[in-house]
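For reference, target_30.txt (compact mmCIF, C-alpha atoms):
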```txt
# COMPACT_ATOMS: atom_id res chain seq x y z
CA MET C 1 44.09 18.49 10.13
CA GLU C 2 41.39 19.17 12.70
CA ILE C 3 38.62 17.99 10.36
CA LYS C 4 40.05 14.46 10.37
CA TRP C 5 39.69 14.48 14.14
CA ALA C 6 35.99 15.44 13.85
CA LEU C 7 35.07 13.04 11.04
CA PRO C 8 34.81 9.92 13.21
CA TYR C 9 32.11 11.71 15.17
CA LEU C 10 30.30 12.99 12.09
CA CYS C 11 30.61 9.79 10.06
CA PRO C 12 30.73 6.71 12.31
CA GLY C 13 32.39 3.76 10.64
CA LYS C 14 34.65 6.03 8.60
CA ARG C 15 37.65 3.78 8.93
CA SER C 16 36.00 0.61 7.67
CA LYS C 17 37.71 -1.23 4.85
CA GLU C 18 35.59 0.65 2.28
CA GLY C 19 36.23 4.14 3.69
CA ASN C 20 39.59 5.81 4.30
CA ASP C 21 41.07 9.06 5.68
CA ASN C 22 39.92 11.03 2.63
CA VAL C 23 36.55 9.39 1.88
CA PRO C 24 34.35 8.84 4.93
CA PHE C 25 32.26 5.68 5.03
CA PHE C 26 29.05 7.72 4.68
CA PHE C 27 30.11 8.95 1.24
CA TYR C 28 31.19 5.47 0.19
CA LEU C 29 27.83 4.09 1.33
CA ASN C 30 25.91 6.77 -0.56
CA GLY C 31 27.84 6.03 -3.77
CA LYS C 32 27.29 2.31 -3.31
CA MET C 33 23.52 2.87 -2.89
CA GLU C 34 23.50 4.91 -6.13
CA ASN C 35 25.12 1.96 -7.95
CA GLN C 36 22.59 -0.43 -6.41
CA ARG C 37 19.73 1.87 -7.40
CA SER C 38 21.05 2.06 -10.96
CA GLU C 39 21.33 -1.75 -11.21
CA ILE C 40 17.80 -2.20 -9.84
CA GLU C 41 16.44 0.40 -12.29
CA SER C 42 18.04 -1.57 -15.15
CA ILE C 43 16.40 -4.80 -13.98
CA ILE C 44 13.04 -3.04 -13.67
CA ALA C 45 13.37 -1.63 -17.20
CA GLU C 46 13.84 -5.17 -18.51
CA LEU C 47 10.85 -6.47 -16.53
CA LEU C 48 8.65 -3.59 -17.70
CA GLN C 49 9.29 -4.43 -21.36
CA GLU C 50 6.63 -7.13 -20.96
CA ASP C 51 4.03 -4.47 -20.00
CA PRO C 52 4.46 -1.16 -21.86
CA SER C 53 1.52 0.42 -20.00
CA SER C 54 3.54 0.25 -16.74
CA PHE C 55 6.42 2.56 -15.88
CA LEU C 56 8.93 3.16 -13.11
CA VAL C 57 8.34 6.24 -10.99
CA GLU C 58 11.09 5.92 -8.38
CA VAL C 59 13.44 3.56 -6.54
CA LYS C 60 14.43 4.38 -2.95
CA ILE C 61 17.04 2.48 -0.94
CA THR C 62 17.56 3.11 2.77
CA ALA C 63 20.76 2.42 4.68
CA GLY C 64 19.14 -0.79 6.00
CA ASN C 65 18.80 -2.12 2.41
CA ASN C 66 15.05 -1.56 2.38
CA VAL C 67 14.26 -1.17 -1.33
CA LYS C 68 11.06 0.71 -2.16
CA VAL C 69 9.96 0.64 -5.79
CA PHE C 70 7.11 2.79 -7.08
CA ILE C 71 5.47 1.55 -10.29
CA ASP C 72 2.54 3.22 -12.03
CA THR C 73 0.50 2.45 -15.12
CA ASP C 74 -1.36 4.60 -17.61
CA GLN C 75 -4.68 3.14 -16.40
CA GLY C 76 -3.83 2.85 -12.69
CA ALA C 77 -1.78 0.10 -11.08
CA ASN C 78 -3.56 -3.01 -9.88
CA ILE C 79 -2.44 -5.42 -7.19
CA ASP C 80 -1.81 -8.31 -9.61
CA LYS C 81 0.73 -6.29 -11.62
CA LEU C 82 2.47 -5.11 -8.46
CA VAL C 83 2.68 -8.66 -7.03
CA LYS C 84 4.08 -9.97 -10.33
CA MET C 85 6.68 -7.19 -10.40
CA ASN C 86 7.61 -7.83 -6.76
CA ARG C 87 8.18 -11.55 -7.35
CA GLY C 88 10.13 -11.07 -10.56
CA LEU C 89 12.25 -8.24 -9.18
CA TYR C 90 13.00 -10.05 -5.90
CA LYS C 91 14.26 -13.09 -7.79
CA ARG C 92 16.42 -10.99 -10.15
CA ILE C 93 17.94 -8.98 -7.27
CA GLU C 94 18.81 -12.21 -5.44
CA GLU C 95 20.39 -13.71 -8.56
CA SER C 96 22.40 -10.57 -9.31
CA GLY C 97 24.05 -10.37 -5.88
CA ILE C 98 23.50 -6.59 -5.68
CA PHE C 99 23.24 -6.91 -1.89
CA PRO C 100 25.89 -9.07 -0.19
CA GLY C 101 24.30 -12.10 1.43
CA ASN C 102 20.97 -11.11 -0.15
CA ASP C 103 20.38 -8.90 2.88
CA PHE C 104 17.53 -6.70 1.63
CA ALA C 105 13.79 -6.13 1.88
CA LEU C 106 11.68 -5.25 -1.13
CA GLU C 107 8.44 -3.27 -1.34
CA VAL C 108 6.75 -2.68 -4.70
CA SER C 109 3.75 -0.36 -4.76
CA SER C 110 2.07 2.35 -6.74
CA PRO C 111 2.74 5.91 -5.60
CA GLY C 112 -0.03 7.14 -3.34
CA LEU C 113 -2.09 10.23 -4.05
CA ASP C 114 -0.01 12.07 -1.46
CA GLU C 115 3.20 11.46 -3.43
CA PRO C 116 4.34 14.22 -5.81
CA LEU C 117 4.18 13.61 -9.56
CA LYS C 118 7.64 12.78 -10.89
CA SER C 119 7.35 11.81 -14.55
CA THR C 120 5.71 13.15 -17.69
CA ARG C 121 3.58 10.00 -17.89
CA GLN C 122 2.20 10.71 -14.42
CA TYR C 123 1.31 14.25 -15.45
CA ILE C 124 -0.38 13.00 -18.64
CA LYS C 125 -2.29 10.35 -16.70
CA ASN C 126 -3.66 13.03 -14.36
CA ILE C 127 -4.78 15.60 -16.96
CA GLY C 128 -8.16 16.96 -15.90
CA ARG C 129 -7.48 16.57 -12.17
CA ASP C 130 -6.98 19.35 -9.65
CA VAL C 131 -3.35 19.86 -8.67
CA GLU C 132 -1.25 21.93 -6.32
CA VAL C 133 2.02 23.12 -7.87
CA ILE C 134 4.83 24.49 -5.72
CA LEU C 135 7.46 26.32 -7.73
CA LYS C 136 11.15 26.44 -6.81
CA ASP C 137 10.78 30.15 -5.97
CA GLY C 138 8.14 29.22 -3.33
CA GLN C 139 5.11 30.35 -5.33
CA LYS C 140 2.04 28.12 -4.89
CA MET C 141 -0.61 27.53 -7.52
CA GLU C 142 -3.78 25.43 -7.43
CA GLY C 143 -5.86 24.56 -10.45
CA LYS C 144 -6.79 22.01 -13.06
CA LEU C 145 -4.05 20.23 -14.98
CA LEU C 146 -4.88 20.84 -18.64
CA GLY C 147 -1.82 19.46 -20.40
CA ALA C 148 1.67 18.04 -20.02
CA LYS C 149 4.77 17.70 -22.19
CA ASP C 150 8.33 16.71 -21.40
CA ASP C 151 9.33 20.32 -20.73
CA GLU C 152 6.17 21.98 -19.31
CA ILE C 153 2.72 21.54 -17.84
CA VAL C 154 -0.40 23.67 -18.34
CA VAL C 155 -2.52 24.55 -15.30
CA GLU C 156 -5.78 26.51 -15.28
CA GLU C 157 -6.11 28.52 -12.09
CA LEU C 158 -9.35 30.23 -11.04
CA LYS C 159 -8.48 33.76 -9.86
CA GLY C 160 -10.34 36.51 -8.07
CA LYS C 161 -13.83 36.77 -6.66
CA LYS C 162 -15.38 35.95 -10.03
CA LYS C 163 -13.15 32.89 -10.38
CA GLU C 164 -11.83 33.97 -13.77
CA PRO C 165 -9.77 31.19 -15.38
CA ALA C 166 -6.08 31.99 -15.93
CA GLN C 167 -3.94 29.52 -17.87
CA HIS C 168 -0.29 29.03 -16.87
CA ASN C 169 2.39 27.25 -18.90
CA ILE C 170 4.90 26.14 -16.28
CA PRO C 171 8.35 24.84 -17.28
CA ILE C 172 9.12 21.54 -15.53
CA GLU C 173 12.52 22.89 -14.45
CA ASN C 174 10.72 25.55 -12.33
CA ILE C 175 8.60 23.03 -10.41
CA LYS C 176 9.63 21.92 -6.94
CA HIS C 177 6.73 19.44 -6.73
CA THR C 178 3.18 18.84 -7.92
CA LYS C 179 0.56 16.95 -5.93
CA ILE C 180 -2.93 15.79 -6.85
CA GLN C 181 -5.65 17.59 -4.88
CA ILE C 182 -8.39 15.35 -3.59
CA LYS C 183 -11.80 17.05 -3.68
CA ILE C 184 -14.65 15.46 -1.78
```

Show me the file's structure as structure tokens.
Amino acid sequence: MEIKWALPYLCPGKRSKEGNDNVPFFFYLNGKMENQRSEIESIIAELLQEDPSSFLVEVKITAGNNVKVFIDTDQGANIDKLVKMNRGLYKRIEESGIFPGNDFALEVSSPGLDEPLKSTRQYIKNIGRDVEVILKDGQKMEGKLLGAKDDEIVVEELKGKKKEPAQHNIPIENIKHTKIQIKI
């Protein structure tokens, strides 16, 4: 098979003890990171039970075991909550042995304004703010976020020279990403 000959160049480390001729190391590593992400999300869910106003937005893990956790709250995340989460999560990850030799770095922060909205709670928290919505078909819409449910958001867009308001109910499944627009 000619593809087997090319795989060592496409996926360095393919023949490590975790990979084999049929499953390149890259795919093993990606699956392992998904398991690690899932375990970390479970730990975070337990830690967040103490503070129901806080919620997990996203967990990212890079190949270098750099774990980035984005936490938000209904009222806006403050540094004390983030520090408490960082300390508690770091300890729990160490105790769990998710990363061999505890070889990992942890960053806990709130998502910045430049990060897209990812959860219904983020949409609800930002009702009344100006947003930019990019749909999966490439269509772009800017307007005020008027409402949010699990399956759709409502955006009021000002159209035409007279800036006539037009209300759009947008199914979540059609949204590529939504970002908060900062108006100064």

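Interatomic distance, CA of Asp130 (chain C) against CA of Ile79 (chain C): 25.3 Å.
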
message: Show me, as a ChimeraX atom specification, the residues that have an atom within 9 Å of Gly128 (chain C) when counting all atoms listed in the file, minus same-chain residues fewer than 5 positions from it.
response: /C:144-147

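Taking CA of Val67 (chain C) and CA of Leu106 (chain C) as endpoints, the distance between them is 4.8 Å.
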
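Proximity of C:Lys176, C:Lys161, C:Lys118, C:Lys125 to Met141 (chain C), computed with only C-alpha atoms, is greatest for C:Lys176.
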
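With CA of Glu132 (chain C) on one side and CA of Leu82 (chain C) on the other, the separation reads 27.4 Å.
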
Padding 8 Å on every side, please: axis-aligned box over the listed atoms of region 104-118 of chain C, centre and edge lengths to one decimal in Å, as AutoDock Vina command-line options.
```
--center_x 7.7 --center_y 3.8 --center_z -4.5 --size_x 35.6 --size_y 36.9 --size_z 28.8
```

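Minimum distance to Glu115 (chain C) across C:Val57, C:Ile44, C:Ala63, C:Ile93 (counting all atoms listed in the file) occurs at C:Val57.
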
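Between Lys136 (chain C) and the candidates C:Gly88, C:Pro171, C:Gly101, C:Gly64, the tightest atom-to-atom separation, counting all atoms listed in the file, involves C:Pro171.
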